[in-house]
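What follows is the content of upload23.pdb (PDB, C-alpha atoms).
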ATOM      1  CA  MET A   1    -102.719  72.539 216.238
ATOM      2  CA  SER A   2    -100.471  74.385 213.778
ATOM      3  CA  PHE A   3     -99.648  78.059 214.229
ATOM      4  CA  SER A   4    -101.630  78.815 211.055
ATOM      5  CA  SER A   5    -104.690  77.055 212.493
ATOM      6  CA  LEU A   6    -104.354  78.999 215.746
ATOM      7  CA  VAL A   7    -104.357  82.267 213.796
ATOM      8  CA  LYS A   8    -107.510  81.237 211.904
ATOM      9  CA  LYS A   9    -109.185  80.158 215.124
ATOM     10  CA  GLU A  10    -108.525  83.601 216.576
ATOM     11  CA  LEU A  11    -109.690  85.417 213.421
ATOM     12  CA  CYS A  12    -112.941  83.464 213.408
ATOM     13  CA  GLY A  13    -113.778  85.308 216.612
ATOM     14  CA  VAL A  14    -112.927  88.752 215.204
ATOM     15  CA  TYR A  15    -115.840  90.792 213.850
ATOM     16  CA  GLY A  16    -115.539  94.311 212.521
ATOM     17  CA  ALA A  17    -118.181  96.958 212.015
ATOM     18  CA  GLU A  18    -121.413  95.812 210.393
ATOM     19  CA  HIS A  19    -120.546  97.351 207.037
ATOM     20  CA  CYS A  20    -117.242  95.400 207.035
ATOM     21  CA  ALA A  21    -119.079  92.072 206.871
ATOM     22  CA  ALA A  22    -119.613  92.435 203.106
ATOM     23  CA  ALA A  23    -115.867  92.834 202.577
ATOM     24  CA  GLU A  24    -115.024  89.731 204.603
ATOM     25  CA  ILE A  25    -117.770  87.728 202.862
ATOM     26  CA  ALA A  26    -116.528  88.863 199.437
ATOM     27  CA  ALA A  27    -112.978  87.746 200.259
ATOM     28  CA  ILE A  28    -114.148  84.309 201.396
ATOM     29  CA  VAL A  29    -116.267  83.879 198.257
ATOM     30  CA  SER A  30    -113.375  85.012 196.059
ATOM     31  CA  VAL A  31    -111.195  82.166 197.348
ATOM     32  CA  CYS A  32    -113.445  79.200 198.067
ATOM     33  CA  GLY A  33    -116.770  80.172 196.526
ATOM     34  CA  THR A  34    -118.604  79.130 193.368
ATOM     35  CA  VAL A  35    -121.471  80.956 191.729
ATOM     36  CA  ASN A  36    -124.201  79.465 189.574
ATOM     37  CA  ALA A  37    -127.500  80.775 188.248
ATOM     38  CA  SER A  38    -129.323  80.524 191.542
ATOM     39  CA  ASN A  39    -126.871  80.578 194.442
ATOM     40  CA  ILE A  40    -123.448  81.202 195.904
ATOM     41  CA  ARG A  41    -121.750  78.301 197.647
ATOM     42  CA  ILE A  42    -118.544  78.293 199.654
ATOM     43  CA  GLN A  43    -116.661  75.130 200.584
ATOM     44  CA  THR A  44    -114.036  74.767 203.287
ATOM     45  CA  GLU A  45    -112.479  72.057 205.434
ATOM     46  CA  ASN A  46    -112.390  74.445 208.374
ATOM     47  CA  ALA A  47    -115.612  74.199 210.377
ATOM     48  CA  ALA A  48    -114.899  77.485 212.172
ATOM     49  CA  VAL A  49    -114.564  79.340 208.852
ATOM     50  CA  ALA A  50    -117.868  77.897 207.594
ATOM     51  CA  LYS A  51    -119.520  78.904 210.855
ATOM     52  CA  LYS A  52    -118.187  82.446 210.636
ATOM     53  CA  TYR A  53    -119.313  82.811 207.004
ATOM     54  CA  PHE A  54    -122.778  81.618 208.034
ATOM     55  CA  ARG A  55    -122.905  84.236 210.805
ATOM     56  CA  LEU A  56    -121.646  87.022 208.535
ATOM     57  CA  ILE A  57    -124.306  86.236 205.919
ATOM     58  CA  LYS A  58    -126.992  86.243 208.578
ATOM     59  CA  LYS A  59    -125.696  89.453 210.180
ATOM     60  CA  GLN A  60    -125.186  91.455 207.008
ATOM     61  CA  PHE A  61    -127.959  90.205 204.724
ATOM     62  CA  LYS A  62    -130.418  88.576 207.153
ATOM     63  CA  LEU A  63    -130.130  85.302 205.213
ATOM     64  CA  GLN A  64    -130.120  81.733 206.467
ATOM     65  CA  GLY A  65    -127.467  79.722 204.632
ATOM     66  CA  ASP A  66    -128.032  76.104 203.696
ATOM     67  CA  VAL A  67    -125.271  74.104 205.418
ATOM     68  CA  SER A  68    -124.110  70.633 204.342
ATOM     69  CA  ILE A  69    -121.233  68.378 205.397
ATOM     70  CA  ARG A  70    -119.516  65.580 203.457
ATOM     71  CA  ASN A  71    -116.313  63.581 203.696
ATOM     72  CA  SER A  72    -113.390  64.828 201.676
ATOM     73  CA  ARG A  73    -112.589  62.829 198.543
ATOM     74  CA  GLN A  74    -108.868  63.336 199.043
ATOM     75  CA  PHE A  75    -108.677  62.751 202.797
ATOM     76  CA  SER A  76    -111.169  60.284 204.214
ATOM     77  CA  ARG A  77    -110.815  61.664 207.736
ATOM     78  CA  SER A  78    -111.460  65.267 206.653
ATOM     79  CA  ARG A  79    -114.827  66.871 206.177
ATOM     80  CA  VAL A  80    -115.887  69.526 203.708
ATOM     81  CA  TYR A  81    -118.364  72.119 204.928
ATOM     82  CA  SER A  82    -120.583  73.862 202.371
ATOM     83  CA  VAL A  83    -122.734  76.934 202.892
ATOM     84  CA  SER A  84    -125.158  77.952 200.116
ATOM     85  CA  THR A  85    -127.124  81.188 199.857
ATOM     86  CA  PRO A  86    -129.195  82.887 197.165
ATOM     87  CA  ILE A  87    -127.358  85.169 194.749
ATOM     88  CA  ILE A  88    -126.323  88.430 196.420
ATOM     89  CA  GLU A  89    -125.411  91.012 193.795
ATOM     90  CA  LYS A  90    -123.642  93.232 196.321
ATOM     91  CA  ILE A  91    -121.134  90.481 197.013
ATOM     92  CA  LEU A  92    -120.591  89.649 193.346
ATOM     93  CA  ASN A  93    -119.938  93.303 192.516
ATOM     94  CA  ALA A  94    -117.908  94.082 195.623
ATOM     95  CA  GLU A  95    -114.616  92.636 194.360
ATOM     96  CA  LYS A  96    -114.292  95.194 191.585
ATOM     97  CA  LYS A  97    -111.255  97.450 192.010
ATOM     98  CA  GLY A  98    -112.050 100.076 194.588
ATOM     99  CA  GLY A  99    -115.001  98.115 195.939
ATOM    100  CA  PHE A 100    -113.777  98.593 199.500
ATOM    101  CA  ASN A 101    -112.333 102.016 200.206
ATOM    102  CA  ARG A 102    -112.653 102.223 203.975
ATOM    103  CA  GLU A 103    -109.591 101.078 205.885
ATOM    104  CA  CYS A 104    -111.670  98.904 208.206
ATOM    105  CA  CYS A 105    -113.255  97.142 205.218
ATOM    106  CA  LYS A 106    -109.827  96.521 203.709
ATOM    107  CA  ARG A 107    -108.753  94.915 206.979
ATOM    108  CA  ALA A 108    -111.866  92.732 206.876
ATOM    109  CA  TYR A 109    -111.143  91.729 203.275
ATOM    110  CA  ILE A 110    -107.602  90.621 204.141
ATOM    111  CA  ARG A 111    -108.979  88.726 207.144
ATOM    112  CA  GLY A 112    -111.492  86.892 204.965
ATOM    113  CA  ALA A 113    -108.828  86.069 202.377
ATOM    114  CA  PHE A 114    -106.607  84.542 205.041
ATOM    115  CA  LEU A 115    -109.436  82.520 206.605
ATOM    116  CA  SER A 116    -110.381  81.010 203.259
ATOM    117  CA  GLY A 117    -107.018  80.622 201.523
ATOM    118  CA  GLY A 118    -104.210  81.720 203.805
ATOM    119  CA  SER A 119    -101.475  79.908 205.665
ATOM    120  CA  LEU A 120     -98.632  80.876 207.964
ATOM    121  CA  SER A 121     -95.440  78.906 208.539
ATOM    122  CA  ASP A 122     -94.372  77.877 212.010
ATOM    123  CA  PRO A 123     -92.375  80.943 213.140
ATOM    124  CA  GLU A 124     -89.928  78.628 214.916
ATOM    125  CA  LYS A 125     -88.824  77.461 211.463
ATOM    126  CA  ALA A 126     -89.461  80.333 209.037
ATOM    127  CA  TYR A 127     -91.329  83.591 208.486
ATOM    128  CA  HIS A 128     -93.692  83.094 205.561
ATOM    129  CA  LEU A 129     -97.348  84.052 205.155
ATOM    130  CA  GLU A 130     -99.276  83.424 201.957
ATOM    131  CA  PHE A 131    -102.730  83.611 200.348
ATOM    132  CA  VAL A 132    -103.703  81.111 197.629
ATOM    133  CA  ASN A 133    -106.202  81.916 194.875
ATOM    134  CA  ALA A 134    -106.858  80.387 191.449
ATOM    135  CA  ASP A 135    -107.665  83.804 189.948
ATOM    136  CA  ARG A 136    -104.804  86.169 189.128
ATOM    137  CA  GLN A 137    -106.969  89.296 189.064
ATOM    138  CA  LYS A 138    -108.330  88.578 192.554
ATOM    139  CA  SER A 139    -104.802  87.922 193.800
ATOM    140  CA  GLU A 140    -103.622  91.233 192.375
ATOM    141  CA  TYR A 141    -106.562  92.984 194.032
ATOM    142  CA  LEU A 142    -105.615  91.458 197.390
ATOM    143  CA  ALA A 143    -101.969  92.450 196.902
ATOM    144  CA  ASP A 144    -103.062  96.039 196.164
ATOM    145  CA  ILE A 145    -105.085  96.148 199.382
ATOM    146  CA  ILE A 146    -102.083  94.884 201.358
ATOM    147  CA  HIS A 147     -99.871  97.480 199.631
ATOM    148  CA  SER A 148    -102.254 100.212 200.798
ATOM    149  CA  PHE A 149    -101.092  99.476 204.365
ATOM    150  CA  GLY A 150     -97.448 100.028 203.426
ATOM    151  CA  LEU A 151     -96.570  96.339 203.194
ATOM    152  CA  LYS A 152     -94.945  94.780 200.152
ATOM    153  CA  ALA A 153     -96.724  91.631 199.035
ATOM    154  CA  ARG A 154     -95.370  89.659 196.084
ATOM    155  CA  ILE A 155     -97.185  87.338 193.705
ATOM    156  CA  ILE A 156     -95.905  84.080 192.228
ATOM    157  CA  GLU A 157     -97.620  81.342 190.229
ATOM    158  CA  ARG A 158     -97.619  77.814 191.631
ATOM    159  CA  LYS A 159     -99.462  74.821 190.144
ATOM    160  CA  ALA A 160    -102.217  76.799 188.409
ATOM    161  CA  HIS A 161    -102.695  79.007 191.478
ATOM    162  CA  TYR A 162    -101.495  82.495 192.323
ATOM    163  CA  ILE A 163     -99.749  83.051 195.637
ATOM    164  CA  VAL A 164     -99.702  86.418 197.374
ATOM    165  CA  TYR A 165     -96.989  86.179 199.996
ATOM    166  CA  LEU A 166     -95.028  88.118 202.593
ATOM    167  CA  LYS A 167     -91.747  87.289 204.247
ATOM    168  CA  GLU A 168     -89.820  88.794 207.170
ATOM    169  CA  GLY A 169     -91.171  88.560 210.703
ATOM    170  CA  GLU A 170     -91.822  92.302 210.992
ATOM    171  CA  ASN A 171     -94.069  92.363 207.898
ATOM    172  CA  ILE A 172     -96.048  89.357 209.115
ATOM    173  CA  VAL A 173     -96.494  90.917 212.560
ATOM    174  CA  ASP A 174     -97.876  94.048 210.886
ATOM    175  CA  LEU A 175    -100.299  92.002 208.785
ATOM    176  CA  LEU A 176    -101.533  90.037 211.807
ATOM    177  CA  ASN A 177    -102.234  93.374 213.463
ATOM    178  CA  ILE A 178    -104.115  94.572 210.383
ATOM    179  CA  MET A 179    -106.291  91.442 210.383
ATOM    180  CA  GLY A 180    -106.976  91.719 214.117
ATOM    181  CA  ALA A 181    -105.054  88.616 215.248
ATOM    182  CA  HIS A 182    -103.548  90.339 218.281
ATOM    183  CA  LEU A 183    -102.995  87.233 220.426
ATOM    184  CA  SER A 184    -101.222  85.466 217.551
ATOM    185  CA  LEU A 185     -99.218  88.636 217.008
ATOM    186  CA  MET A 186     -97.950  88.534 220.605
ATOM    187  CA  ASN A 187     -97.127  84.827 220.328
ATOM    188  CA  LEU A 188     -95.188  85.490 217.133
ATOM    189  CA  GLU A 189     -93.348  88.408 218.722
ATOM    190  CA  ASN A 190     -92.399  86.225 221.696
ATOM    191  CA  THR A 191     -91.077  83.587 219.321
ATOM    192  CA  ARG A 192     -89.091  86.228 217.438
ATOM    193  CA  ILE A 193     -87.559  87.538 220.669
ATOM    194  CA  VAL A 194     -86.530  84.045 221.783
ATOM    195  CA  LYS A 195     -85.123  83.244 218.332
ATOM    196  CA  ASP A 196     -83.193  86.512 218.189
ATOM    197  CA  MET A 197     -81.770  85.913 221.666
ATOM    198  CA  ARG A 198     -80.832  82.350 220.740
ATOM    199  CA  ASN A 199     -79.199  83.509 217.509
ATOM    200  CA  ASN A 200     -77.309  86.262 219.320
ATOM    201  CA  VAL A 201     -76.065  83.797 221.926
ATOM    202  CA  ASN A 202     -75.016  81.357 219.208
ATOM    203  CA  ARG A 203     -73.187  84.114 217.324
ATOM    204  CA  GLN A 204     -71.450  85.210 220.518
ATOM    205  CA  VAL A 205     -70.480  81.633 221.403
ATOM    206  CA  ASN A 206     -69.207  81.023 217.873
ATOM    207  CA  CYS A 207     -67.236  84.260 217.981
ATOM    208  CA  GLU A 208     -65.762  83.447 221.384
ATOM    209  CA  THR A 209     -64.954  79.908 220.257
ATOM    210  CA  ALA A 210     -63.228  81.236 217.142
ATOM    211  CA  ASN A 211     -61.253  83.742 219.223
ATOM    212  CA  LEU A 212     -60.329  81.045 221.730
ATOM    213  CA  SER A 213     -59.179  78.727 218.954
ATOM    214  CA  LYS A 214     -57.115  81.533 217.479
ATOM    215  CA  THR A 215     -55.580  82.264 220.892
ATOM    216  CA  VAL A 216     -54.793  78.591 221.480
ATOM    217  CA  ARG A 217     -53.154  78.237 218.063
ATOM    218  CA  ALA A 218     -51.081  81.347 218.673
ATOM    219  CA  SER A 219     -50.063  80.114 222.141
ATOM    220  CA  VAL A 220     -49.010  76.698 220.788
ATOM    221  CA  LYS A 221     -46.849  78.348 218.118
ATOM    222  CA  GLN A 222     -45.280  80.711 220.652
ATOM    223  CA  ILE A 223     -44.412  77.812 222.974
ATOM    224  CA  ASN A 224     -42.938  75.822 220.078
ATOM    225  CA  ASP A 225     -40.815  78.823 219.096
ATOM    226  CA  ILE A 226     -39.585  79.280 222.671
ATOM    227  CA  ASN A 227     -38.804  75.569 223.007
ATOM    228  CA  THR A 228     -36.870  75.699 219.725
ATOM    229  CA  ILE A 229     -34.710  78.523 221.072
ATOM    230  CA  ALA A 230     -34.245  76.737 224.430
ATOM    231  CA  ARG A 231     -33.165  73.517 222.663
ATOM    232  CA  ILE A 232     -30.743  75.085 220.198
ATOM    233  CA  LYS A 233     -29.254  78.016 222.123
ATOM    234  CA  GLY A 234     -30.903  78.184 225.555
ATOM    235  CA  LEU A 235     -33.219  80.974 226.713
ATOM    236  CA  GLY A 236     -30.174  82.947 227.877
ATOM    237  CA  TYR A 237     -29.600  83.590 224.169
ATOM    238  CA  LEU A 238     -32.505  86.040 224.326
ATOM    239  CA  SER A 239     -32.373  89.574 225.657
ATOM    240  CA  ASP A 240     -33.644  90.071 229.211
ATOM    241  CA  GLN A 241     -36.957  91.506 227.985
ATOM    242  CA  LEU A 242     -37.588  88.636 225.571
ATOM    243  CA  GLU A 243     -36.459  86.019 228.101
ATOM    244  CA  ASP A 244     -38.924  87.318 230.701
ATOM    245  CA  VAL A 245     -41.801  87.054 228.224
ATOM    246  CA  ALA A 246     -40.671  83.597 227.088
ATOM    247  CA  GLU A 247     -40.526  82.260 230.645
ATOM    248  CA  LEU A 248     -44.002  83.617 231.476
ATOM    249  CA  ARG A 249     -45.442  82.109 228.308
ATOM    250  CA  LEU A 250     -44.025  78.687 229.249
ATOM    251  CA  MET A 251     -45.351  78.993 232.810
ATOM    252  CA  TYR A 252     -48.824  80.243 231.835
ATOM    253  CA  GLU A 253     -49.708  78.580 228.546
ATOM    254  CA  GLU A 254     -53.376  79.668 228.600
ATOM    255  CA  ALA A 255     -52.776  83.262 229.681
ATOM    256  CA  SER A 256     -53.743  86.087 227.351
ATOM    257  CA  LEU A 257     -51.203  88.632 226.133
ATOM    258  CA  LYS A 258     -52.774  91.195 228.435
ATOM    259  CA  GLU A 259     -52.367  88.883 231.433
ATOM    260  CA  ILE A 260     -48.736  88.151 230.563
ATOM    261  CA  GLY A 261     -48.050  91.868 230.217
ATOM    262  CA  ALA A 262     -49.519  92.520 233.671
ATOM    263  CA  MET A 263     -47.123  89.978 235.195
ATOM    264  CA  LEU A 264     -44.011  91.681 233.790
ATOM    265  CA  SER A 265     -42.056  94.161 235.839
ATOM    266  CA  PRO A 266     -42.632  96.862 234.884
ATOM    267  CA  PRO A 267     -46.009  95.890 233.309
ATOM    268  CA  VAL A 268     -46.257  95.983 229.516
ATOM    269  CA  GLY A 269     -49.349  96.453 227.363
ATOM    270  CA  LYS A 270     -50.840  93.830 225.071
ATOM    271  CA  SER A 271     -49.226  95.286 221.962
ATOM    272  CA  GLY A 272     -45.828  95.357 223.685
ATOM    273  CA  VAL A 273     -46.073  91.656 224.618
ATOM    274  CA  ASN A 274     -47.214  90.815 221.093
ATOM    275  CA  HIS A 275     -44.185  92.689 219.682
ATOM    276  CA  ARG A 276     -41.770  90.736 221.895
ATOM    277  CA  LEU A 277     -43.332  87.394 220.982
ATOM    278  CA  ARG A 278     -42.984  88.281 217.305
ATOM    279  CA  LYS A 279     -39.295  88.951 217.856
ATOM    280  CA  ILE A 280     -39.012  85.552 219.574
ATOM    281  CA  SER A 281     -40.758  83.935 216.581
ATOM    282  CA  GLU A 282     -38.298  85.577 214.164
ATOM    283  CA  ILE A 283     -35.363  84.345 216.211
ATOM    284  CA  ALA A 284     -36.797  80.804 216.291
ATOM    285  CA  GLU A 285     -37.259  80.805 212.512
ATOM    286  CA  ASN A 286     -33.691  81.925 211.989
ATOM    287  CA  LEU A 287     -32.436  79.186 214.319
ATOM    288  CA  ARG A 288     -34.478  76.560 212.439
ATOM    289  CA  GLY A 289     -32.913  77.737 209.198
ATOM    290  CA  GLY A 290     -29.421  77.592 210.647
ATOM    291  CA  PHE A 291     -28.992  81.354 210.683
ATOM    292  CA  TYR A 292     -27.541  82.131 214.110
ATOM    293  CA  ASP A 293     -24.362  83.481 215.611
TER     294      ASP A 293
END
Give the structure from this file in structure tokens form.
Amino acid sequence: MSFSSLVKKELCGVYGAEHCAAAEIAAIVSVCGTVNASNIRIQTENAAVAKKYFRLIKKQFKLQGDVSIRNSRQFSRSRVYSVSTPIIEKILNAEKKGGFNRECCKRAYIRGAFLSGGSLSDPEKAYHLEFVNADRQKSEYLADIIHSFGLKARIIERKAHYIVYLKEGENIVDLLNIMGAHLSLMNLENTRIVKDMRNNVNRQVNCETANLSKTVRASVKQINDINTIARIKGLGYLSDQLEDVAELRLMYEEASLKEIGAMLSPPVGKSGVNHRLRKISEIAENLRGGFYD
């Protein structure tokens, strides 16, 4: 089961206060409902969503919905669940701007919108939550409700539909909390923690690998410079201080500058060893160019 399906499964078991049922019903109707002269009908391929809508209608309006099931025309293995009820004016009028002013009802509306037209990417791959609706005005209304909780939802048009979407793990965690998907929220947070740890480890390994490669390249050049001096003039050509550093570098090819400095007598700091190796490099370059006494 996808992460998005798990979230919907959890939300199907979340019920708010009795007066919030109208908000959740209105959101479901706004996404997957049709209205004719005599009834309202919602259609969904999610049996749990159809079941919840049926319960909400019964709880809020004491109505028994007419339920039907048929095979999907697009996917032979999928089923489409329909729930029909008589016209309910309160639902039809509820989507008008400002129809739901209580915070709890706004939460219920977002929950209903996600159940009927929402999806959430696998957090292992990306952080993306979206709501799909064919009506721009309804999408803008949903975005305004989400904005009222301090979250920034954007709208784009895609294939004759309007998409209200959020990115960034933190924003999606906040929205899951608003909808009441607390178990999914914890699972997402755990995934984020593991991903962040993995990314931090990878960054650290990459950084250490880059530093190691840089150290190895520097060591190889230093050894080549020392060998050049030894071949052309002999290490005795160097001053005592430089000769000591050169001999230690040849003996301990993988040692850091700090480690080489600690082996000198008296000990020398990292910058001091680096300065001496630079002098050795200059001498080697001069010898390669034929500039020597």
### Query
Around (-115.5, 79.5, 193.5) in the file's frame, which residues reach within 12 Å when counting only C-alpha atoms? Return as JSON, numbers by chain?
{"A": [26, 27, 28, 29, 30, 31, 32, 33, 34, 35, 36, 39, 40, 41, 42, 43, 44, 82, 84, 92, 116, 117, 133, 134, 135, 138]}
### Task
Apply the PyMOL selection byres ((chain A and resi 261) around 10) to the displayed file and report the matching residues as a PyMOL selection string.
chain A and resi 245+248+255-260+262-274
Test item: residues at most 8 Å from stretch 7-9 of chain A, all atoms listed in the file, excluding those fewer than 4 positions along its chain, as a short mmCIF file (atom, residue, chain, number, x, y, z; two decimals) with C-alpha atoms, in the coordinates of the input:
data_model
loop_
_atom_site.label_atom_id
_atom_site.label_comp_id
_atom_site.auth_asym_id
_atom_site.auth_seq_id
_atom_site.Cartn_x
_atom_site.Cartn_y
_atom_site.Cartn_z
CA PHE A 3 -99.65 78.06 214.23
CA GLY A 13 -113.78 85.31 216.61
CA ALA A 48 -114.90 77.48 212.17
CA VAL A 49 -114.56 79.34 208.85
CA PHE A 114 -106.61 84.54 205.04
CA LEU A 115 -109.44 82.52 206.60
CA ALA A 181 -105.05 88.62 215.25
CA SER A 184 -101.22 85.47 217.55
#
### Task
Report as a PyMOL selection string the residues that result from applying the PyMOL selection byres ((chain A and resi 59-69) around 6) to the structure here.
chain A and resi 55-58+70+80-85
Once you have the residues from the selection above, write them out as a PDB file, in the frame of the given file, restricted to C-alpha atoms.
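Result saved to part12.pdb:
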ATOM      1  CA  ARG A  55    -122.905  84.236 210.805  1.00  0.00           C
ATOM      2  CA  LEU A  56    -121.646  87.022 208.535  1.00  0.00           C
ATOM      3  CA  ILE A  57    -124.306  86.236 205.919  1.00  0.00           C
ATOM      4  CA  LYS A  58    -126.992  86.243 208.578  1.00  0.00           C
ATOM      5  CA  ARG A  70    -119.516  65.580 203.457  1.00  0.00           C
ATOM      6  CA  VAL A  80    -115.887  69.526 203.708  1.00  0.00           C
ATOM      7  CA  TYR A  81    -118.364  72.119 204.928  1.00  0.00           C
ATOM      8  CA  SER A  82    -120.583  73.862 202.371  1.00  0.00           C
ATOM      9  CA  VAL A  83    -122.734  76.934 202.892  1.00  0.00           C
ATOM     10  CA  SER A  84    -125.158  77.952 200.116  1.00  0.00           C
ATOM     11  CA  THR A  85    -127.124  81.188 199.857  1.00  0.00           C
TER      12      THR A  85
END
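Once the PyMOL selection byres ((chain A and resi 165) around 6) is applied to the depicted file, the selected set reads Leu129, Glu130, Ala153, Arg154, Val164 and Leu166 of chain A.
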### Pick from A:Ser2, A:Ser281, A:Gln241, A:Thr228 nearest to A:Pro123, counting all atoms listed in the file
A:Ser2
### Query
Smallest atom-to-atom distance to A:Ala113: which of A:Asn190, A:Ser139, A:Ser4, A:Asn101, using only C-alpha atoms?
A:Ser139
### Shell of 12 Å around stretch 211-227 of chain A, all atoms listed in the file, local chain residues under 5 positions omitted, as a ChimeraX atom specification
/A:204-206,232-238,242-257,260,273-274,276-288
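Here the question is which of A:Glu208, A:Glu170, A:Glu45, A:Glu140 gets nearest to A:Leu188 using all atoms listed in the file, and that residue is A:Glu170.
Atom to atom, atom CA of A:Leu175 and atom CA of A:Leu151 stand 8.0 Å apart.
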## Note on the structure
Students should find that atom CA of A:His128 and atom CA of A:Ile172 are spaced 7.6 Å
### Separation of atom CA of A:His147 from atom CA of A:Ala21, in Å and rounded to one decimal
21.2 Å
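Distances to A:Glu124 were evaluated for A:Leu183, A:Ile156, A:Cys104, A:Val194 using only C-alpha atoms, and the minimum falls at A:Val194.
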### Residue nearest A:Arg192 - candidates A:Ala126, A:Ile145, A:Leu6, A:Ala230, atoms counted: all atoms listed in the file
A:Ala126
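When only C-alpha atoms are used to measure the gap to A:Asp196, the shortest distance among A:Tyr109, A:Gly169, A:Asp122, A:Ala22 belongs to A:Gly169.
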